[in-house]
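Visitor: This one is coords_23.txt, compact mmCIF, C-alpha atoms.
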```txt
# COMPACT_ATOMS: atom_id res chain seq x y z
CA MET R 1082 -20.23 -25.27 -14.41
CA PHE R 1083 -16.53 -24.58 -14.91
CA GLY R 1084 -13.94 -26.49 -12.96
CA PRO R 1085 -11.59 -24.76 -10.51
CA LEU R 1086 -8.31 -23.18 -11.56
CA TYR R 1087 -5.08 -24.55 -10.15
CA TYR R 1088 -2.43 -22.36 -8.62
CA PRO R 1089 0.50 -22.09 -11.11
CA HIS R 1090 3.23 -22.95 -8.55
CA PHE R 1091 5.47 -19.91 -9.01
CA ASP R 1092 9.00 -19.94 -7.66
CA PRO R 1093 9.13 -17.15 -5.02
CA VAL R 1094 12.82 -16.65 -5.85
CA MET R 1095 13.19 -14.52 -8.97
CA LEU R 1096 16.96 -14.87 -9.30
CA GLN R 1097 19.51 -17.03 -7.52
CA ILE R 1098 23.21 -16.10 -7.69
CA GLY R 1099 25.17 -18.43 -5.45
CA PRO R 1100 24.05 -17.82 -1.85
CA LEU R 1101 22.30 -14.59 -2.90
CA SER R 1102 18.61 -14.87 -3.75
CA ILE R 1103 16.37 -12.10 -5.02
CA ARG R 1104 12.71 -12.73 -4.30
CA TRP R 1105 9.73 -11.44 -6.22
CA TYR R 1106 8.39 -9.85 -3.03
CA ALA R 1107 11.55 -7.78 -2.58
CA MET R 1108 11.54 -6.88 -6.27
CA ALA R 1109 7.96 -5.66 -5.93
CA TYR R 1110 9.04 -3.23 -3.19
CA ILE R 1111 12.07 -2.07 -5.18
CA THR R 1112 10.07 -1.59 -8.40
CA ALA R 1113 7.32 0.30 -6.57
CA LEU R 1114 9.79 2.64 -4.87
CA VAL R 1115 11.69 3.38 -8.07
CA CYS R 1116 8.60 3.86 -10.25
CA GLY R 1117 6.89 5.87 -7.52
CA TRP R 1118 9.95 8.09 -7.18
CA LEU R 1119 10.00 8.81 -10.92
CA LEU R 1120 6.29 9.63 -10.98
CA VAL R 1121 6.45 11.88 -7.93
CA ARG R 1122 9.35 13.80 -9.51
CA ARG R 1123 6.94 14.72 -12.32
CA LEU R 1124 3.91 15.34 -10.12
CA VAL R 1125 5.59 17.81 -7.76
CA ARG R 1126 6.38 20.07 -10.72
CA LYS R 1127 2.76 20.45 -11.72
CA ASP R 1128 1.16 23.76 -10.78
CA PRO R 1129 1.01 24.51 -7.91
CA ILE R 1130 4.60 23.31 -7.44
CA VAL R 1131 5.11 21.72 -4.02
CA ALA R 1132 8.77 20.61 -4.12
CA THR R 1133 11.82 20.35 -6.32
CA LYS R 1134 12.94 17.16 -8.01
CA GLU R 1135 16.03 17.14 -5.81
CA GLN R 1136 13.84 17.15 -2.70
CA VAL R 1137 11.91 14.18 -4.07
CA ASP R 1138 15.24 12.41 -4.57
CA ASP R 1139 16.05 13.01 -0.89
CA PHE R 1140 12.63 11.82 0.23
CA LEU R 1141 13.08 8.45 -1.46
CA THR R 1142 15.37 7.34 1.38
CA TRP R 1143 12.95 8.65 4.00
CA ALA R 1144 10.04 6.83 2.33
CA THR R 1145 11.99 3.57 2.08
CA LEU R 1146 12.83 3.64 5.78
CA GLY R 1147 9.24 4.52 6.64
CA VAL R 1148 7.85 1.63 4.59
CA VAL R 1149 10.30 -0.98 5.89
CA PHE R 1150 10.41 -0.03 9.57
CA GLY R 1151 6.77 1.02 9.78
CA GLY R 1152 5.56 -2.04 7.90
CA ARG R 1153 7.52 -4.46 10.03
CA ILE R 1154 6.87 -2.84 13.42
CA GLY R 1155 3.21 -2.39 12.52
CA TYR R 1156 2.87 -6.08 11.69
CA CYS R 1157 4.50 -7.10 14.97
CA LEU R 1158 2.32 -4.76 17.04
CA PHE R 1159 -0.99 -5.14 15.19
CA TYR R 1160 -1.00 -8.87 14.50
CA GLN R 1161 1.29 -10.79 16.90
CA PRO R 1162 2.42 -8.43 19.68
CA GLY R 1163 2.66 -11.10 22.37
CA TRP R 1164 4.77 -13.47 20.29
CA TYR R 1165 7.20 -10.83 19.06
CA LEU R 1166 7.60 -9.30 22.52
CA SER R 1167 8.57 -12.78 23.71
CA HIS R 1168 10.92 -13.25 20.71
CA PRO R 1169 12.32 -9.74 20.05
CA LEU R 1170 15.12 -10.99 17.77
CA GLN R 1171 12.46 -12.20 15.33
CA ILE R 1172 11.35 -8.62 14.72
CA VAL R 1173 14.38 -7.87 12.54
CA GLN R 1174 14.10 -11.13 10.59
CA VAL R 1175 11.97 -9.64 7.81
CA TRP R 1176 12.98 -12.43 5.40
CA HIS R 1177 10.58 -14.70 7.30
CA GLY R 1178 7.71 -12.50 6.14
CA GLY R 1179 5.28 -10.24 7.92
CA MET R 1180 4.67 -6.66 6.75
CA SER R 1181 1.66 -4.49 7.52
CA PHE R 1182 0.45 -1.89 5.05
CA HIS R 1183 -1.18 0.09 7.86
CA GLY R 1184 2.15 0.14 9.71
CA GLY R 1185 3.99 1.11 6.54
CA ALA R 1186 1.48 3.92 5.98
CA LEU R 1187 2.13 5.25 9.49
CA GLY R 1188 5.87 5.05 8.85
CA VAL R 1189 5.55 7.07 5.63
CA ILE R 1190 3.28 9.62 7.34
CA ILE R 1191 5.89 10.16 10.04
CA ALA R 1192 8.55 10.48 7.33
CA LEU R 1193 6.37 13.04 5.50
CA ILE R 1194 5.87 15.11 8.65
CA LEU R 1195 9.58 15.18 9.50
CA PHE R 1196 10.68 15.75 5.91
CA THR R 1197 8.27 18.58 5.11
CA ARG R 1198 9.06 20.25 8.42
CA LYS R 1199 12.79 20.06 7.73
CA TYR R 1200 12.48 21.56 4.24
CA LYS R 1201 9.57 23.89 5.10
CA LEU R 1202 7.24 22.37 2.51
CA SER R 1203 3.46 22.04 2.56
CA PHE R 1204 2.77 18.75 4.32
CA LEU R 1205 -0.60 18.25 2.64
CA GLY R 1206 0.58 19.45 -0.77
CA PHE R 1207 3.60 17.13 -0.78
CA SER R 1208 1.58 14.28 0.72
CA ASP R 1209 -0.96 14.60 -2.10
CA ARG R 1210 1.70 13.91 -4.71
CA VAL R 1211 3.23 11.02 -2.78
CA THR R 1212 -0.04 9.24 -1.96
CA THR R 1213 -1.04 9.41 -5.63
CA VAL R 1214 1.54 6.75 -6.50
CA VAL R 1215 1.16 4.53 -3.42
CA PRO R 1216 -1.46 2.25 -5.06
CA LEU R 1217 1.20 1.26 -7.58
CA GLY R 1218 3.17 -0.35 -4.76
CA LEU R 1219 0.04 -1.91 -3.31
CA GLY R 1220 -0.80 -3.59 -6.59
CA LEU R 1221 2.71 -4.94 -7.09
CA GLY R 1222 2.85 -6.13 -3.50
CA ARG R 1223 -0.38 -8.08 -3.85
CA LEU R 1224 0.85 -9.68 -7.06
CA ALA R 1225 3.96 -10.74 -5.14
CA ASN R 1226 1.70 -12.25 -2.47
CA PHE R 1227 0.03 -14.27 -5.23
CA VAL R 1228 3.40 -15.45 -6.54
CA ASN R 1229 4.27 -16.56 -2.99
CA GLY R 1230 0.94 -18.37 -2.67
CA GLU R 1231 0.18 -16.51 0.57
CA LEU R 1232 -2.78 -14.56 1.99
CA VAL R 1233 -5.19 -16.88 0.20
CA GLY R 1234 -8.91 -16.24 0.14
CA ARG R 1235 -11.82 -17.84 1.89
CA VAL R 1236 -13.58 -20.92 0.55
CA ALA R 1237 -15.22 -20.03 -2.77
CA PRO R 1238 -18.65 -21.28 -3.93
CA ASP R 1239 -18.74 -24.06 -6.50
CA TRP R 1240 -20.32 -21.80 -9.12
CA LEU R 1241 -17.40 -19.34 -9.15
CA PRO R 1242 -15.48 -20.04 -12.40
CA TRP R 1243 -12.16 -18.57 -11.14
CA ARG R 1244 -12.09 -20.34 -7.76
CA MET R 1245 -8.59 -21.62 -7.21
CA ILE R 1246 -6.95 -24.70 -5.71
CA TYR R 1247 -3.84 -23.75 -3.73
CA PRO R 1248 -1.21 -26.29 -2.64
CA ASP R 1249 -1.62 -27.49 0.95
CA VAL R 1250 -4.88 -25.55 1.33
CA VAL R 1251 -8.18 -27.36 1.76
CA GLY R 1252 -10.94 -26.43 -0.67
CA ALA R 1253 -11.17 -24.10 -3.66
CA ARG R 1254 -10.50 -20.51 -2.63
CA HIS R 1255 -11.06 -16.96 -3.76
CA PRO R 1256 -7.79 -15.61 -5.28
CA SER R 1257 -8.11 -12.66 -2.93
CA GLU R 1258 -4.57 -11.44 -3.65
CA LEU R 1259 -5.69 -10.71 -7.21
CA TYR R 1260 -8.83 -8.97 -5.97
CA GLU R 1261 -6.66 -6.70 -3.85
CA ALA R 1262 -4.13 -6.13 -6.62
CA PHE R 1263 -6.98 -4.99 -8.87
CA LEU R 1264 -8.95 -2.80 -6.45
CA GLU R 1265 -6.23 -1.47 -4.11
CA GLY R 1266 -3.73 -1.28 -6.94
CA PHE R 1267 -5.02 -0.76 -10.48
CA VAL R 1268 -8.41 0.86 -9.77
CA LEU R 1269 -7.21 3.16 -6.98
CA PHE R 1270 -4.06 4.11 -8.92
CA THR R 1271 -6.14 5.00 -11.97
CA ILE R 1272 -8.48 7.18 -9.91
CA MET R 1273 -5.59 8.92 -8.17
CA MET R 1274 -3.74 9.65 -11.41
CA ILE R 1275 -6.85 11.06 -13.10
CA LEU R 1276 -7.51 13.38 -10.16
CA ALA R 1277 -3.84 14.35 -9.77
CA HIS R 1278 -3.75 15.67 -13.33
CA ARG R 1279 -6.46 18.23 -12.61
CA LYS R 1280 -5.17 21.57 -11.34
CA SER R 1281 -8.50 22.33 -9.67
CA ILE R 1282 -7.94 19.24 -7.52
CA ARG R 1283 -4.25 19.85 -6.81
CA GLU R 1284 -5.03 23.34 -5.50
CA HIS R 1285 -7.05 21.85 -2.63
CA ALA R 1286 -4.28 20.54 -0.41
CA GLY R 1287 -5.21 17.31 1.32
CA PHE R 1288 -7.90 16.24 -1.12
CA LEU R 1289 -5.80 13.61 -2.88
CA SER R 1290 -4.45 12.31 0.42
CA GLY R 1291 -8.02 11.99 1.65
CA VAL R 1292 -9.17 10.19 -1.49
CA PHE R 1293 -6.31 7.72 -1.11
CA LEU R 1294 -7.00 7.01 2.56
CA LEU R 1295 -10.74 6.66 2.06
CA GLY R 1296 -10.37 4.75 -1.20
CA TYR R 1297 -7.91 2.27 0.28
CA ALA R 1298 -10.07 1.76 3.36
CA ILE R 1299 -13.10 0.94 1.19
CA ALA R 1300 -11.17 -1.34 -1.20
CA ARG R 1301 -9.34 -3.19 1.58
CA SER R 1302 -12.47 -3.63 3.70
CA PHE R 1303 -14.32 -5.06 0.70
CA CYS R 1304 -11.49 -7.43 -0.22
CA GLU R 1305 -11.30 -8.63 3.39
CA LEU R 1306 -14.73 -10.19 2.81
CA PHE R 1307 -12.99 -12.72 0.54
CA ARG R 1308 -9.61 -13.01 2.27
CA GLN R 1309 -8.94 -15.73 4.83
CA PRO R 1310 -7.89 -14.17 8.16
CA ASP R 1311 -4.47 -15.14 9.49
CA SER R 1312 -4.70 -18.44 11.33
CA PHE R 1313 -3.06 -17.02 14.47
CA LEU R 1314 -5.55 -14.14 14.62
CA GLY R 1315 -8.83 -15.19 13.05
CA PHE R 1316 -11.87 -12.93 13.19
CA ILE R 1317 -11.81 -10.19 15.80
CA VAL R 1318 -15.54 -9.58 16.34
CA GLY R 1319 -18.08 -11.70 14.47
CA ASP R 1320 -16.94 -11.69 10.84
CA ILE R 1321 -14.86 -8.52 11.22
CA THR R 1322 -11.12 -8.85 10.60
CA MET R 1323 -8.16 -6.90 11.92
CA GLY R 1324 -7.62 -5.43 8.45
CA GLN R 1325 -11.13 -3.99 8.47
CA ILE R 1326 -10.72 -2.57 11.97
CA LEU R 1327 -7.46 -0.84 10.99
CA CYS R 1328 -9.24 0.67 7.98
CA ILE R 1329 -11.76 2.53 10.18
CA PRO R 1330 -9.35 5.29 11.31
CA MET R 1331 -8.07 5.54 7.73
CA ALA R 1332 -11.60 6.11 6.41
CA ILE R 1333 -12.30 8.72 9.09
CA ALA R 1334 -9.02 10.54 8.41
CA GLY R 1335 -9.60 10.38 4.65
CA SER R 1336 -13.09 11.82 4.95
CA TYR R 1337 -11.79 14.61 7.17
CA PHE R 1338 -8.99 15.52 4.74
CA ILE R 1339 -11.44 15.67 1.83
CA TRP R 1340 -13.83 17.91 3.80
CA GLN R 1341 -11.06 20.11 5.17
CA SER R 1342 -9.37 20.53 1.77
CA PHE R 1343 -12.21 22.76 0.57
CA ARG R 1344 -12.14 24.86 3.73
CA LEU R 1345 -8.45 25.73 3.49
CA PRO R 1346 -7.11 28.49 1.21
CA LYS R 1347 -6.01 27.25 -2.19
CA LEU R 1348 -2.47 25.95 -2.22
CA LYS R 1349 0.16 28.40 -3.38
CA GLY R 1350 3.07 26.72 -5.12
CA LEU R 1351 6.76 27.28 -4.63
CA THR R 1352 8.64 29.68 -6.85
CA VAL R 1353 11.48 27.59 -8.26
CA GLU R 1354 13.61 27.82 -11.36
CA ASN R 1355 12.90 25.48 -14.22
CA ASP R 1356 15.20 22.46 -14.45
```
What does this structure look like when you write it as structure tokens?

Guide:
Amino acid sequence: MFGPLYYPHFDPVMLQIGPLSIRWYAMAYITALVCGWLLVRRLVRKDPIVATKEQVDDFLTWATLGVVFGGRIGYCLFYQPGWYLSHPLQIVQVWHGGMSFHGGALGVIIALILFTRKYKLSFLGFSDRVTTVVPLGLGLGRLANFVNGELVGRVAPDWLPWRMIYPDVVGARHPSELYEAFLEGFVLFTIMMILAHRKSIREHAGFLSGVFLLGYAIARSFCELFRQPDSFLGFIVGDITMGQILCIPMAIAGSYFIWQSFRLPKLKGLTVEND
């Protein structure tokens, strides 16, 4: 039997310049947005073309606002609505932590709807290219959670060789942040990129968006089996967590998009000049 691993005690602050501190968590968001932007600029140009690179540049701001505002408001409403309604000034204090992926996803969906309507683009076609790169941000975000030593897992069995001892946490735990980084990040990103490079897939608008929603719901629900629920929330019904409940509508929507993508006419791309 192997002994437990010990948490490496990372410094959550990546760089300190006088009173200014740059945290790994913030850097994860910034890196994900920049890398995602660069990848989407390439993906939208693949046949059928769904947008110009300049339009992707414009959408970066919309996506950033959707992630930040949606993620924060979603966390406040989904996880601690009573407390935040009683302390409304705490809502804007994002440096104290508290972001919800499901809220961020809703924020980006709203941004996608408004953006594609403004520029008269295919909502599903453009959404397919954007959702392809989202797992990149999920993976980086979960690694940042691990660096912060937060969102630790449930108590792990003694036979598990990679069970981990966290500071100020009783018992050896599953490193659930790493599980999520692997499944929600690396695995889902790999699947999405493989599919996105097939024209026969890209022509069915909504298919990639559906795969992402369904894939994330499955990966997140599985990882929740090893993740310790927030102390202020606990289990909702039996052993079911809030994260799993929020994944249900995502799985339903994802399944619908996949089914509907083969019923719609094949996507016709934009006619744009080469850069």

Visitor: Residues within 12 Å of Leu1241 in chain R, please, as an mmCIF file with C-alpha atoms, in the coordinates of the input. Count all atoms listed in the file; anything in the same chain fewer than 4 positions from it doesn't count.

Guide:
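Written out: part_2.cif:
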```cif
data_model
loop_
_atom_site.group_PDB
_atom_site.id
_atom_site.type_symbol
_atom_site.label_atom_id
_atom_site.label_comp_id
_atom_site.auth_asym_id
_atom_site.auth_seq_id
_atom_site.Cartn_x
_atom_site.Cartn_y
_atom_site.Cartn_z
ATOM 1 C CA MET R 1082 -20.230 -25.270 -14.410
ATOM 2 C CA PHE R 1083 -16.530 -24.580 -14.910
ATOM 3 C CA GLY R 1084 -13.940 -26.490 -12.960
ATOM 4 C CA PRO R 1085 -11.590 -24.760 -10.510
ATOM 5 C CA LEU R 1086 -8.310 -23.180 -11.560
ATOM 6 C CA VAL R 1236 -13.580 -20.920 0.550
ATOM 7 C CA ALA R 1237 -15.220 -20.030 -2.770
ATOM 8 C CA MET R 1245 -8.590 -21.620 -7.210
ATOM 9 C CA ALA R 1253 -11.170 -24.100 -3.660
ATOM 10 C CA ARG R 1254 -10.500 -20.510 -2.630
ATOM 11 C CA HIS R 1255 -11.060 -16.960 -3.760
ATOM 12 C CA PRO R 1256 -7.790 -15.610 -5.280
#
```

Visitor: Between R:Gly1185, R:Gly1218, R:Gly1287, R:Asp1209, which residue has the minimum interatomic distance to Pro1346 in chain R, considering only C-alpha atoms?

Guide: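 Once distances to Pro1346 in chain R are computed over only C-alpha atoms, the minimum belongs to R:Gly1287.
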
Visitor: Would you compute an axis-aligned box for range 1217-1223 of chain R, covering every atom listed for it in the file with 8 Å of margin on each side, and report centre and edge lengths in Å to one decimal as AutoDock Vina command-line options?

Guide:
```
--center_x 1.2 --center_y -3.4 --center_z -5.4 --size_x 20.0 --size_y 25.3 --size_z 20.3
```

Visitor: Residues within 10 Å of range 1114-1121 of chain R, please, as a PDB file with C-alpha atoms, keeping the file's coordinate frame. Count all atoms listed in the file; anything in the same chain fewer than 2 positions from it doesn't count.

Guide:
```pdb
ATOM      1  CA  MET R1108      11.540  -6.880  -6.270  1.00  0.00           C
ATOM      2  CA  ALA R1109       7.960  -5.660  -5.930  1.00  0.00           C
ATOM      3  CA  TYR R1110       9.040  -3.230  -3.190  1.00  0.00           C
ATOM      4  CA  ILE R1111      12.070  -2.070  -5.180  1.00  0.00           C
ATOM      5  CA  THR R1112      10.070  -1.590  -8.400  1.00  0.00           C
ATOM      6  CA  ARG R1123       6.940  14.720 -12.320  1.00  0.00           C
ATOM      7  CA  LEU R1124       3.910  15.340 -10.120  1.00  0.00           C
ATOM      8  CA  VAL R1125       5.590  17.810  -7.760  1.00  0.00           C
ATOM      9  CA  ARG R1126       6.380  20.070 -10.720  1.00  0.00           C
ATOM     10  CA  ALA R1132       8.770  20.610  -4.120  1.00  0.00           C
ATOM     11  CA  LYS R1134      12.940  17.160  -8.010  1.00  0.00           C
ATOM     12  CA  VAL R1137      11.910  14.180  -4.070  1.00  0.00           C
ATOM     13  CA  ASP R1138      15.240  12.410  -4.570  1.00  0.00           C
ATOM     14  CA  PHE R1140      12.630  11.820   0.230  1.00  0.00           C
ATOM     15  CA  LEU R1141      13.080   8.450  -1.460  1.00  0.00           C
ATOM     16  CA  THR R1142      15.370   7.340   1.380  1.00  0.00           C
ATOM     17  CA  ALA R1144      10.040   6.830   2.330  1.00  0.00           C
ATOM     18  CA  THR R1145      11.990   3.570   2.080  1.00  0.00           C
ATOM     19  CA  VAL R1148       7.850   1.630   4.590  1.00  0.00           C
ATOM     20  CA  PHE R1207       3.600  17.130  -0.780  1.00  0.00           C
ATOM     21  CA  ASP R1209      -0.960  14.600  -2.100  1.00  0.00           C
ATOM     22  CA  ARG R1210       1.700  13.910  -4.710  1.00  0.00           C
ATOM     23  CA  VAL R1211       3.230  11.020  -2.780  1.00  0.00           C
ATOM     24  CA  THR R1212      -0.040   9.240  -1.960  1.00  0.00           C
ATOM     25  CA  THR R1213      -1.040   9.410  -5.630  1.00  0.00           C
ATOM     26  CA  VAL R1214       1.540   6.750  -6.500  1.00  0.00           C
ATOM     27  CA  VAL R1215       1.160   4.530  -3.420  1.00  0.00           C
ATOM     28  CA  PRO R1216      -1.460   2.250  -5.060  1.00  0.00           C
ATOM     29  CA  LEU R1217       1.200   1.260  -7.580  1.00  0.00           C
ATOM     30  CA  GLY R1218       3.170  -0.350  -4.760  1.00  0.00           C
TER      31      GLY R1218
END
```

Visitor: When you look at Ser1336 in chain R with a cut-off of 7 Å (counting only C-alpha atoms), what residues show up, excluding the ones that are within fewer than 4 positions of it in the same chain? I need them as a PyMOL selection string.

Guide: chain R and resi 1291+1295+1332+1340

Visitor: Which residues come within 10 Å of Ile1103 in chain R, counting only C-alpha atoms, excluding same-chain residues fewer than 6 positions away, as an MDAnalysis selection string?

Guide: chainID R and resid 1093:1097

Visitor: Please produce a file of the residues just selected, as a compact mmCIF listing (two decimals), keeping the file's coordinate frame, where the atoms kept are C-alpha atoms.

Guide:
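So the final result, stored in result.txt, reads:
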```txt
# COMPACT_ATOMS: atom_id res chain seq x y z
CA PRO R 1093 9.13 -17.15 -5.02
CA VAL R 1094 12.82 -16.65 -5.85
CA MET R 1095 13.19 -14.52 -8.97
CA LEU R 1096 16.96 -14.87 -9.30
CA GLN R 1097 19.51 -17.03 -7.52
```

Visitor: Please measure the separation of CA of Leu1269 in chain R and CA of Ile1329 in chain R, giving the value in Å to one decimal.

Guide: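 Computing the Euclidean distance for CA of Leu1269 in chain R and CA of Ile1329 in chain R yields 17.8 Å.
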
Visitor: For Phe1343 in chain R, which of R:Gly1324, R:Gly1319, R:Ser1281, R:Ser1312 is the closest residue, counting only C-alpha atoms?

Guide: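 The closest residue to Phe1343 in chain R is R:Ser1281.
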
Visitor: Rank R:Ala1286, R:Ile1317, R:Leu1351, R:Ala1113 by their smallest atom-to-atom distance to Phe1204 in chain R, using all atoms listed in the file, and report the top residue only.

Guide: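 Ranking R:Ala1286, R:Ile1317, R:Leu1351, R:Ala1113 by distance to Phe1204 in chain R, first place goes to R:Ala1286.
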
Visitor: Distance CA of Leu1193 in chain R-CA of Glu1265 in chain R, one decimal place?

Guide: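 About the pair CA of Leu1193 in chain R and CA of Glu1265 in chain R: they are 21.5 Å apart.
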
Visitor: At what distance in Å, to one decimal, does CA of Phe1182 in chain R lie from CA of Leu1166 in chain R?

Guide: 20.3 Å

Visitor: Go through R:Gly1234, R:Tyr1260, R:Val1292, R:Val1131 one by one, measure the shortest atom-to-atom distance of each to Leu1202 in chain R using all atoms listed in the file, and give the residue with the smallest value.

Guide: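 Going through R:Gly1234, R:Tyr1260, R:Val1292, R:Val1131 one by one, the smallest distance to Leu1202 in chain R is for R:Val1131.
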